[in-house]
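One structure below.
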2 protein chains.
Amino acid sequence: MEEHRHVTIYDIAKRLNLATSTISRALKDHHTISDKTIKKVKKTAEEMGFVPNTLAAGLRGNKSKTIGVLIPTITQPFLSSLISGIEITARKSDYSVIIMQSHDSYEEEVNMTKSLYSSRVSGVICSLAMETKDTSHFQQFSNNNIPLVFVDRVPKDFNTFRVVIDNYTAGYKATKHLIEQGCKRIAHMTAGAEFGNLYNERKRGYIDALADYGLPLREELIINLKAMTYDAGVKACNKLFGLKSPPDGLFAPGDILAVSAVQTAKKKGIKVPQDFAVIGFNNDPISEIIEPNITTITHPAEKMGKAAANIVIDTIEFHKEEEAKEITFLNTEVLVRESSKKV
Amino acid sequence: MEEHRHVTIYDIAKRLNLATSTISRALKDHHTISDKTIKKVKKTAEEMGFVPNTLAAGLRGNKSKTIGVLIPTITQPFLSSLISGIEITARKSDYSVIIMQSHDSYEEEVNMTKSLYSSRVSGVICSLAMETKDTSHFQQFSNNNIPLVFVDRVPKDFNTFRVVIDNYTAGYKATKHLIEQGCKRIAHMTAGAEFGNLYNERKRGYIDALADYGLPLREELIINLKAMTYDAGVKACNKLFGLKSPPDGLFAPGDILAVSAVQTAKKKGIKVPQDFAVIGFNNDPISEIIEPNITTITHPAEKMGKAAANIVIDTIEFHKEEEAKEITFLNTEVLVRESSKKV
DNA sequence: TTTCTTTACACAATCGGTTGCAATTTATTT
DNA sequence: AAATAAATTGCAACCGATTGTGTAAAGAAA
């Protein structure tokens, strides 16, 4: 298998006896090039198997038509859908997508921002690592006019674009739904505590809903988890069911936790939803397959990805740098299924 | 927010009164540069906030330290784990990962190979689109010495690296397991028909296992699906259960199908595994959460990703182009859980 | 016919590292 | 001390597309 050299615009220029500048312009339908020449150039390029070298173009223009995506992990339904949305939108405008997983490590995240900057990505979309408190490693993007969009897990104090759902309202709606189903003692799982934290916002919604509907807030019904895993959920449920007056409902801020709750309840002979109504969060695939299937809060992952990618691309293409760095709120809804349907 | 210019090796060179070549070499510990100079250069680079421009390096060297990953979709547990494995391994060697989703479209796949080639990716890892028959669009990589690795869904007639599991053996083992559990009428779902097709291989294993254990092959128990979805599975199951002599076991070549079967059976009052034993494929997260949890064939997604990435990187770094383009077989196992445990 | 516009294309610098080779300095040998 | 070897660093071309500026040719206006 012989080694071909890449065909360049120089090769085309030589063949047609034209300047490389003419080739370059002809290939992108520049108005100063005659139709005749354009046609000729394109035909020859095709024949010679010319494929533009985006590295060269990127170097010259100091941009790469690449969007860097930095997220905790991709093996999570919400995040893989998010990426999918980003990728679909990016491709439409001929952008590539580079992904990196921080695995929720601050240190990794810092390194990866360097790496992305080094690749001269045109824009960055990020969902923060759990560990991350300080976000100054993202400053390099803002400082260099590289659009930066945070999605879902966003910092509280960084002046840039954000694409999120209204976690407070979602938490409120979820809790309200359980109350409307007749629940009196609603448990809640949460994580972290910092103000602005996504789980904390959901918790605030939970607390306010209880208050608005005249239900007492019972600290023993709120469990703080270190990890949002199935096993952590089981453990938490066992604790809840061991209470002298156990809960009759649960707002879990993740479907995996809701699943663990439903299954733990079933094993204990506690009937779902009659004795214990459960609402999850995210609308992960599993939530509609498990039995009983799980009432959940929709979390428009793919849409959020598309929105984020559009912001990046529009900012680049239409030079919107001057505009305010706004927050985009996407809508969420209560998706009622069996696990909570008491009435 | 003022616009900074990127710091380059020229800036460092000027500051230290050295040549750019010296800076370039010092930064990568070239042996012809003295330790003193190396230290000085690195320190200054750090101070000045130098970040190398990988585009420039890539242009010069005609490679980008980037691996292109072309897969049907990323929102599928197996594939997102695959990517995760690729990304983890790539990063260790300082490679970036560009992902593209063909959505099982041949046309998209062709476009994306062009796009990847255009980005001068250092290597390509691909799982073919369902639609793809002709793979000549991958020739451009082979022709230009860009390592190409097919994973899982691989072409039968392309001389390049492949990372797969032995689908025939896996199908055989799955079927054998059901036979050992006492199943006599084992159904099977499949898709496609071409020789070498992954599902066809599993089916061959199924057929041979039946033969080896003296069970008759009944055509009515083999269902050919167009899509491997939950709904298609339900439909197929209803058909199976409607037979005058319905199956007492099912080998489903995907966990989603297995889940659909288990749930459809339960709804019909058919006891799993007593009356109907089920084995799935992939060991998707859902298989161990659903009740009864599902016996499955492990499919080492992340490992396959790591293996593929290692092949790409080793081929590049150690110039292994001359070596035989071998097939890497990863191991699979029967993971026995409740859905099949009759004995 | 001459001058002013357009139209169409060419020249050459540029982006920022990389690398072969030449040149200079320093160390070692005779 | 002279000569040779070894260690450092500099010079300049190079990768390939882009783009501001200049120029020649063709058409329009005077």
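Each chain in the structure tokens gets a letter, A, B and so on, in the order shown; residues start at 1 in every chain, and ligands are counted from 1 in the order they appear.
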
What are the closest atom pairs, with distances in Å to one decimal, for all residues of chain C lying within 10 Å of chain A? Consider only C-alpha atoms (C1' of nucleotides), order rows by chain and residue number, and present the result as JSON lines.
```
{"residue": "C:DT7", "atom": "C1'", "partner": "A:Thr32", "partner_atom": "CA", "distance": 7.2}
{"residue": "C:DA8", "atom": "C1'", "partner": "A:Ile33", "partner_atom": "CA", "distance": 6.1}
{"residue": "C:DC9", "atom": "C1'", "partner": "A:Thr22", "partner_atom": "CA", "distance": 6.6}
{"residue": "C:DA10", "atom": "C1'", "partner": "A:Ala19", "partner_atom": "CA", "distance": 6.0}
{"residue": "C:DC11", "atom": "C1'", "partner": "A:Ala19", "partner_atom": "CA", "distance": 8.8}
{"residue": "C:DT14", "atom": "C1'", "partner": "A:Arg60", "partner_atom": "CA", "distance": 7.1}
{"residue": "C:DC15", "atom": "C1'", "partner": "A:Arg60", "partner_atom": "CA", "distance": 4.2}
{"residue": "C:DG16", "atom": "C1'", "partner": "A:Leu59", "partner_atom": "CA", "distance": 7.7}
```

Export N, CA and C atoms (P, O5', C5', C4', C3', O3' and C1' of nucleotides) of the chosen residues as an mmCIF file, in the first residue's frame?
```cif
data_model
loop_
_atom_site.group_PDB
_atom_site.id
_atom_site.type_symbol
_atom_site.label_atom_id
_atom_site.label_comp_id
_atom_site.auth_asym_id
_atom_site.auth_seq_id
_atom_site.Cartn_x
_atom_site.Cartn_y
_atom_site.Cartn_z
ATOM 1 P P DT C 7 -18.732 44.082 -11.195
ATOM 2 O "O5'" DT C 7 -17.621 43.166 -11.854
ATOM 3 C "C5'" DT C 7 -17.525 43.087 -13.271
ATOM 4 C "C4'" DT C 7 -16.372 42.182 -13.661
ATOM 5 C "C3'" DT C 7 -16.248 40.900 -12.822
ATOM 6 O "O3'" DT C 7 -16.125 39.796 -13.715
ATOM 7 C "C1'" DT C 7 -14.174 42.016 -12.915
ATOM 8 P P DA C 8 -15.994 38.285 -13.155
ATOM 9 O "O5'" DA C 8 -14.415 38.089 -13.122
ATOM 10 C "C5'" DA C 8 -13.685 38.230 -14.341
ATOM 11 C "C4'" DA C 8 -12.239 37.848 -14.092
ATOM 12 C "C3'" DA C 8 -12.074 36.626 -13.176
ATOM 13 O "O3'" DA C 8 -11.136 35.731 -13.788
ATOM 14 C "C1'" DA C 8 -10.796 38.434 -12.352
ATOM 15 P P DC C 9 -10.922 34.282 -13.156
ATOM 16 O "O5'" DC C 9 -9.496 34.479 -12.509
ATOM 17 C "C5'" DC C 9 -8.432 34.862 -13.372
ATOM 18 C "C4'" DC C 9 -7.318 35.501 -12.579
ATOM 19 C "C3'" DC C 9 -6.593 34.591 -11.599
ATOM 20 O "O3'" DC C 9 -5.340 34.242 -12.175
ATOM 21 C "C1'" DC C 9 -6.814 36.839 -10.807
ATOM 22 P P DA C 10 -4.296 33.308 -11.378
ATOM 23 O "O5'" DA C 10 -3.243 34.378 -10.864
ATOM 24 C "C5'" DA C 10 -2.675 35.300 -11.783
ATOM 25 C "C4'" DA C 10 -1.603 36.136 -11.091
ATOM 26 C "C3'" DA C 10 -0.609 35.339 -10.249
ATOM 27 O "O3'" DA C 10 0.677 35.935 -10.390
ATOM 28 C "C1'" DA C 10 -1.786 36.868 -8.852
ATOM 29 P P DC C 11 1.968 35.212 -9.836
ATOM 30 O "O5'" DC C 11 2.509 36.193 -8.707
ATOM 31 C "C5'" DC C 11 1.785 37.335 -8.393
ATOM 32 C "C4'" DC C 11 2.488 38.149 -7.338
ATOM 33 C "C3'" DC C 11 3.542 37.429 -6.508
ATOM 34 O "O3'" DC C 11 4.522 38.368 -6.098
ATOM 35 C "C1'" DC C 11 1.676 37.943 -5.136
ATOM 36 P P DT C 14 4.328 39.264 7.454
ATOM 37 O "O5'" DT C 14 3.250 38.202 7.935
ATOM 38 C "C5'" DT C 14 1.855 38.472 7.767
ATOM 39 C "C4'" DT C 14 1.055 37.281 8.229
ATOM 40 C "C3'" DT C 14 1.693 36.505 9.392
ATOM 41 O "O3'" DT C 14 0.863 36.622 10.523
ATOM 42 C "C1'" DT C 14 0.884 35.039 7.689
ATOM 43 P P DC C 15 1.493 36.415 11.966
ATOM 44 O "O5'" DC C 15 0.728 35.133 12.476
ATOM 45 C "C5'" DC C 15 -0.687 35.057 12.438
ATOM 46 C "C4'" DC C 15 -1.109 33.607 12.527
ATOM 47 C "C3'" DC C 15 -0.213 32.811 13.473
ATOM 48 O "O3'" DC C 15 -0.841 32.696 14.737
ATOM 49 C "C1'" DC C 15 -0.621 31.644 11.390
ATOM 50 P P DG C 16 0.062 33.045 15.991
ATOM 51 O "O5'" DG C 16 0.898 31.709 16.189
ATOM 52 C "C5'" DG C 16 0.220 30.519 16.493
ATOM 53 C "C4'" DG C 16 1.183 29.366 16.450
ATOM 54 C "C3'" DG C 16 2.443 29.555 17.303
ATOM 55 O "O3'" DG C 16 2.714 28.311 17.917
ATOM 56 C "C1'" DG C 16 3.055 28.964 15.137
#
```

Exercise for review: Find the residues near stretch 241-254 of chain A: any atom within 8 Å, counting only C-alpha atoms (C1' of nucleotides), skip ones fewer than 2 places away on the same chain, and give them as a ChimeraX atom specification.
Suggested key: /A:174-175,178,183-190,199,202,221,228,237-239,256-258,275-282

With 7 Å as the cut-off and only C-alpha atoms (C1' of nucleotides) counted, what is the closest atom pair between each nearby residue of chain D and chain A? Distances in Å to one decimal, ordered by chain and number, as a Markdown table.
```
| residue | atom | partner | partner_atom | distance |
| --- | --- | --- | --- | --- |
| D:DG16 | C1' | A:Ala56 | CA | 5.1 |
| D:DA17 | C1' | A:Ala57 | CA | 4.9 |
| D:DT18 | C1' | A:Arg60 | CA | 6.3 |
```

Any chance you can output those residues with N, CA and C atoms (P, O5', C5', C4', C3', O3' and C1' of nucleotides) as a CSV table (one decimal), in the first residue's frame?
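Below is the file that was written, out-v1.csv:
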```csv
chain,number,residue,atom,x,y,z
D,16,DG,P,1.2,19.9,3.0
D,16,DG,O5',0.0,21.0,3.0
D,16,DG,C5',-1.0,20.8,4.0
D,16,DG,C4',-1.9,22.1,3.9
D,16,DG,C3',-2.4,22.5,2.5
D,16,DG,O3',-3.7,22.8,2.7
D,16,DG,C1',-1.4,24.3,3.6
D,17,DA,P,-4.7,22.9,1.4
D,17,DA,O5',-5.6,24.2,1.8
D,17,DA,C5',-6.2,24.1,3.1
D,17,DA,C4',-6.3,25.5,3.7
D,17,DA,C3',-7.1,26.5,3.0
D,17,DA,O3',-8.0,27.1,3.9
D,17,DA,C1',-5.0,27.4,3.5
D,18,DT,P,-9.2,28.1,3.4
D,18,DT,O5',-8.6,29.5,3.8
D,18,DT,C5',-8.3,29.7,5.1
D,18,DT,C4',-7.7,31.1,5.2
D,18,DT,C3',-8.5,32.3,4.6
D,18,DT,O3',-8.7,33.3,5.5
D,18,DT,C1',-6.3,32.4,3.9
```

Review point. Taking only C-alpha atoms into account, which residues of chain B are within 7 Å of chain A, as an MDAnalysis selection string?
Key: chainID B and resid 1 3:4 51:56 58:59 74:75 77 80:81 84 87 96:100 118:120 143:145 286 290

Point to revise | All residues 9 Å or closer to B:Ala209, only C-alpha atoms (C1' of nucleotides), same chain fewer than 6 positions away omitted, as a PyMOL selection string | key: chain B and resi 171-176+179+215
